[in-house]
Amino acid sequence: MIHPIFTDPLLAAELNRYARTKQIPRDTIMMSPGDEVLFVPVVLKGVLRIVRQNDEGREVFLYHLYPGQSCAMAINCCQGRKKSSIKAIVEEDAEIMQVPVNMVDELFKYPEWKAFVNNTYSQRFTELLDVIDLIAFSNMDKQVLHYLQERARAAGTKALYITHQNIADELHTHREAVSRLLRTMEQKNILKLGRNTIELF
């Protein structure tokens, strides 16, 4: 059996035979926009950060993937034989099960795999709606705080080693605006700023 999320012995045996498990270090860019999607990643350990990037290199943070989760974007690309439209970055050292693209549809004969894929689409759709709501209906301070809270959750710590420019890049805004908001949040005792560090309270 490859992973506790797949308890069907026939499904586990098929994955054990054809899927590949790979250790990937922190900060590795696993996938970039325009890359050919050769496998669907299933996170066994660690955390992945999924970012949308346009042709000019501007980025918007979408969501994190935790153990037991997969990327709906990658599944969709595999099924539609499309190239990647997202950037996947290893947030914390990860162990990834790589399900070959030619197996994705074939594995639907197993109810557990079908349920896993459907649940993946449902979870990611909800998260994308949250991102859209933040961008469309929230002030930038809420967007910045949400982003920091999600990064802190992924890292398992309230002390983040991150620059104001990093935040600005992934929220598609200006560094000066981010810096002003962070200083305001510090004055409100929401966080504490250090040299390339931000500690959430």
# chains A, B, ... in the order shown; residues from 1 in each chain; ligands from 1
$ residues_around --residues "Pro111 (chain A)" --least-positions-apart "4" --cutoff "12 Å" --atoms "only C-alpha atoms" --output "ChimeraX atom specification"
/A:6-8,10-11,106-107,115-118
$ residues_around --residues "His164 (chain A)" --least-positions-apart "5" --cutoff "10 Å" --atoms "only C-alpha atoms" --output "list in words"
Asp169, His174, Arg175, Glu176, Ala177, Val178, Ser179, Arg180, Leu182, Asn196, Thr197 and Ile198 of chain A
$ write_last_selection --atoms "C-alpha atoms" --output "PDB file, in the first residue's frame"
ATOM      1  CA  ASP A 169       5.112  39.581  -6.190  1.00  0.00           C
ATOM      2  CA  HIS A 174       3.695  47.102  -5.254  1.00  0.00           C
ATOM      3  CA  ARG A 175       6.326  46.520  -2.575  1.00  0.00           C
ATOM      4  CA  GLU A 176       5.825  50.022  -1.175  1.00  0.00           C
ATOM      5  CA  ALA A 177       2.119  49.319  -0.613  1.00  0.00           C
ATOM      6  CA  VAL A 178       2.916  46.049   1.158  1.00  0.00           C
ATOM      7  CA  SER A 179       5.520  47.747   3.356  1.00  0.00           C
ATOM      8  CA  ARG A 180       3.053  50.449   4.406  1.00  0.00           C
ATOM      9  CA  LEU A 182       2.858  45.761   7.258  1.00  0.00           C
ATOM     10  CA  ASN A 196      13.419  39.820   6.134  1.00  0.00           C
ATOM     11  CA  THR A 197      11.215  38.286   8.853  1.00  0.00           C
ATOM     12  CA  ILE A 198       7.608  38.698   9.902  1.00  0.00           C
TER      13      ILE A 198
END
$ select_by_dssp --residues "chain A" --states "alpha helix (DSSP H)" --output "PyMOL selection string"
chain A and resi 9-18+72-80+111-137+140-155+164-170+175-187
$ atom_distance --atom1 "CA of Leu65 (chain A)" --atom2 "CA of Arg49 (chain A)"
6.4 Å
$ closest_residue --among "A:Gln123, A:Ser84, A:Asn166, A:Gln187" --to "Asp35 (chain A)" --atoms "only C-alpha atoms"
A:Ser84
